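Q: Here it is, the structure, as structure tokens.
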Amino acid sequence: MQLDFSIFNPKARSLIGLDISSSSVKMVELGGDGKGAYRVERYAIEVLPRDVVSDGNIVNLEAAAESVKRAWKKLATSTRHVAIALPASHVITKKIIVAAGQREEDLEVLVESEANQYIPFALEEVNLDFQVVGPAPSSPDEIEVLIAASRKEKVEDRVAVAESAGLKPVVLDVESYAVLSAFELVQKQLPDAGKGQIIALVDVGANVMNLTVLRNEQQLYVREQAFGGNQLTQDAARLFSMTFEEAEGEKRRNTLPEKYETELLRPFLEALALELSRALQFFFTSTQFSQINHIVLAGGCAVIPGVDEVVAGRTQINTIIANPFTGMVLSDRVRERNLLADASSLMVACGLALRRFDE
């Protein structure tokens with residue numbers, strides 16, 4: 001599922017997936033290998049100063065743009081076209097059923113009138129887009145259409161950051177949909193490519209844990225709860241008398257003092273596994289389902305060594321770390337070991353970079 005909000009030309013020859021999260025800027029550029037497979041051309045991660053992005057809002061546009069510029073310089077690319085994404089919390093989505101065979105212009109009028117009912121803002125205050133999902137499940141004469149809308153200032157902030165860094169936004173997506181695009185590559189790595197199986201995709205970022213339960217690419221359940229890696233960074237900064245930025249850098253490089261692992265990391269991983277167990281219990285009690293076949297861990301916290309073992313131990317469910325780049329060709333600029341360590345945190349950026357290959 002991809003959304004362009006009708007504000008950009010969605011086609012670009014080369015494209016960088018640009019993910020501006022609450023803790024870092026992540027960039028991925030993909031190409032084709034000429035044989036139908038993807039090639040990882042380059043990627044970069046740049047840590048954001050604290051509080052530049054808060055609750056998905058860009059609080060300090062100048063600092064965010066500087067970080068994006070540094071990440072782009074690390075990439076060492078000539079590509080300036082980028083695909084960017086809004087947090088799901090900034091986007092209102094609604095599926096509607098309409099008669100099939102309508103002209104694009106008629107569909108636009110219909111979408112606008114429907115949007116008026118569901119969006120609590122004046123239409124001139126929002127960027128609005130829609131996408132035909134496919135035939136309606138109930139009738140062959142109808143289609144399912146997904147409407148998406150976001151406040152214009154939310155869109156404009158991200159556009160402004162990219163443009164201030166000298167980049168040109170050509171695609172706008174939603175973070176949760178970008179993750180699902182990358183997840184399709186991960187799902188292929190499961191037994192029987194995950195067909196008929198219930199999979200819990202768990203994205204644990206700096207502040208939020210997102211649980212999406214899927215079966216055959218259909219969402220069964222979505223839940224968000226406050227839990228993330230910033231707590232671990234804050235504890236490390238306090239314990240070792242560092243700034244938050246210093247602690248975050250040391251944490252990523254795995255160079256914190258020895259007692260970090262016993263006093264902070266292990267208790268944090270246990271807390272993460274407990275939070276995830278609780279989220280799964282909510283899924284079981286609020287749906288007719290009683291089991292999960294696989295857990296796929298993504299997001300910044302999934303890069304922590306051993307997190308999959310701790311989660312599998314508590315939940316007794318097969319747990320893997322998301323790596324959408326498995327099987328891709330790597331350019332000479334990409335170190336396999338580094339990419340393996342960072343892959344799970346690059347799901348949004350990878351999903352955005354895949355937009356280059358849209359039909």
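If you're wondering about the labels, chains in the structure tokens are A, B, ... by order shown, residues count from 1 in each chain, ligands from 1 in order shown.
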Using DSSP assignments from the backbone, pull out every residue in segment 14-189 of chain A that falls under helix (DSSP H, G or I) and give it to me as a PyMOL selection string.
A: chain A and resi 61-75+88-90+104-118+123-125+152-164+175-187
Q: Need the shell around segment 261-271 of chain A: protein/DNA/RNA residues with any atom at most 8 Å away, counting only C-alpha atoms. Skip same-chain ones fewer than 5 positions apart. Format as a PyMOL selection string?
A: chain A and resi 232+235-236+307+310-311
Q: Set the distance at 10 Å and use only C-alpha atoms: which residues neighbour Asp332 of chain A once local chain neighbours fewer than 5 positions away are removed? I'd like the list as a list in words.
A: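 Final neighbour list, sorted by chain and number: Val40, Glu41 and Arg42 of chain A.
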Q: Just C-alpha atoms for this one: save the residues we selected as a PDB file, in the first residue's frame.
A:
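As written to disk, again11.pdb reads:
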ATOM      1  CA  VAL A  40      21.901  -2.406  -2.213  1.00  0.00           C
ATOM      2  CA  GLU A  41      23.818   0.530  -3.632  1.00  0.00           C
ATOM      3  CA  ARG A  42      24.459   2.332  -0.349  1.00  0.00           C
TER       4      ARG A  42
END
Q: Please identify which residues in segment 68-244 of chain A DSSP calls strand (DSSP E or B) from the backbone, and express them as a short mmCIF file (atom, residue, chain, number, x, y, z; two decimals) with C-alpha atoms, in the first residue's frame.
A:
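Generated file (part10.cif):
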data_model
loop_
_atom_site.label_atom_id
_atom_site.label_comp_id
_atom_site.auth_asym_id
_atom_site.auth_seq_id
_atom_site.Cartn_x
_atom_site.Cartn_y
_atom_site.Cartn_z
CA HIS A 81 15.38 12.41 -5.36
CA VAL A 82 13.96 11.05 -2.09
CA ALA A 83 10.91 9.16 -0.92
CA ILE A 84 9.80 10.33 2.52
CA ALA A 85 7.14 9.12 4.94
CA LEU A 86 4.76 10.42 7.58
CA VAL A 91 -2.45 10.21 8.69
CA ILE A 92 -6.20 9.50 8.72
CA THR A 93 -7.08 6.47 6.59
CA LYS A 94 -10.46 5.03 5.66
CA LYS A 95 -11.48 2.25 3.27
CA ILE A 96 -14.64 2.78 1.25
CA ILE A 97 -16.55 0.60 -1.22
CA VAL A 98 -17.60 2.20 -4.53
CA ALA A 99 -18.96 1.03 -7.88
CA VAL A 126 -5.20 18.69 4.28
CA ASN A 127 -3.32 16.79 1.62
CA LEU A 128 -5.69 14.11 0.37
CA ASP A 129 -5.00 11.03 -1.73
CA PHE A 130 -6.65 7.72 -2.54
CA GLN A 131 -5.66 4.36 -3.96
CA VAL A 132 -7.73 1.55 -5.42
CA VAL A 133 -6.97 -1.51 -3.28
CA GLY A 134 -8.77 -4.01 -5.54
CA PRO A 135 -12.12 -5.73 -6.00
CA GLU A 142 -17.55 -2.87 -6.57
CA ILE A 143 -14.00 -1.86 -5.63
CA GLU A 144 -12.30 -1.08 -2.35
CA VAL A 145 -10.64 2.34 -2.19
CA LEU A 146 -8.28 3.55 0.52
CA ILE A 147 -8.52 7.25 1.37
CA ALA A 148 -5.64 8.95 3.20
CA ALA A 149 -5.34 12.49 4.48
CA SER A 150 -2.83 14.46 6.52
CA ARG A 151 -2.67 18.04 7.78
CA LYS A 168 14.01 16.75 -3.86
CA PRO A 169 11.03 14.83 -2.40
CA VAL A 170 9.22 12.98 -5.20
CA VAL A 171 7.20 10.42 -3.20
CA LEU A 172 5.35 10.69 0.11
CA ASP A 173 4.30 7.51 1.87
CA VAL A 174 3.18 6.42 5.34
CA ILE A 198 -0.04 -15.80 11.65
CA ILE A 199 2.93 -13.45 11.94
CA ALA A 200 3.52 -10.76 14.56
CA LEU A 201 5.59 -7.92 13.11
CA VAL A 202 6.98 -5.98 16.07
CA ASP A 203 8.66 -2.64 15.38
CA VAL A 204 10.41 -1.31 18.49
CA VAL A 208 7.08 3.31 20.68
CA MET A 209 6.48 -0.41 20.14
CA ASN A 210 4.17 -1.17 17.20
CA LEU A 211 2.60 -4.61 16.89
CA THR A 212 1.02 -5.61 13.57
CA VAL A 213 -0.41 -9.13 13.28
CA LEU A 214 -0.75 -10.41 9.71
CA ARG A 215 -1.94 -13.48 7.85
CA GLN A 218 -3.91 -9.06 5.59
CA GLN A 219 -3.73 -7.07 8.84
CA LEU A 220 -5.60 -8.83 11.64
CA TYR A 221 -4.64 -6.53 14.49
CA VAL A 222 -2.63 -3.36 15.18
CA ARG A 223 -1.51 -2.05 18.57
CA GLU A 224 0.84 0.72 19.67
CA GLN A 225 2.29 1.08 23.14
CA ALA A 226 4.80 3.40 24.77
#
Q: Any idea what's packed within 10 Å of Gly327 of chain A, counting only C-alpha atoms, ignoring anything in its chain fewer than 6 positions away? Could you give it as an mmCIF file with N, CA and C atoms, in the first residue's frame?
A:
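In the end it all went to part-v3.cif:
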data_model
loop_
_atom_site.group_PDB
_atom_site.id
_atom_site.type_symbol
_atom_site.label_atom_id
_atom_site.label_comp_id
_atom_site.auth_asym_id
_atom_site.auth_seq_id
_atom_site.Cartn_x
_atom_site.Cartn_y
_atom_site.Cartn_z
ATOM 1 N N ALA A 37 16.736 -8.973 -9.633
ATOM 2 C CA ALA A 37 16.939 -8.896 -8.177
ATOM 3 C C ALA A 37 17.321 -7.463 -7.793
ATOM 4 N N TYR A 38 17.189 -7.163 -6.509
ATOM 5 C CA TYR A 38 17.570 -5.841 -6.015
ATOM 6 C C TYR A 38 19.044 -5.813 -5.652
ATOM 7 N N ARG A 39 19.594 -4.608 -5.699
ATOM 8 C CA ARG A 39 20.999 -4.410 -5.339
ATOM 9 C C ARG A 39 21.052 -3.257 -4.332
ATOM 10 N N LEU A 185 9.471 -8.695 1.749
ATOM 11 C CA LEU A 185 10.754 -9.339 1.453
ATOM 12 C C LEU A 185 11.188 -10.254 2.598
ATOM 13 N N GLN A 189 11.274 -15.238 3.584
ATOM 14 C CA GLN A 189 12.317 -16.037 4.239
ATOM 15 C C GLN A 189 11.748 -17.043 5.238
#
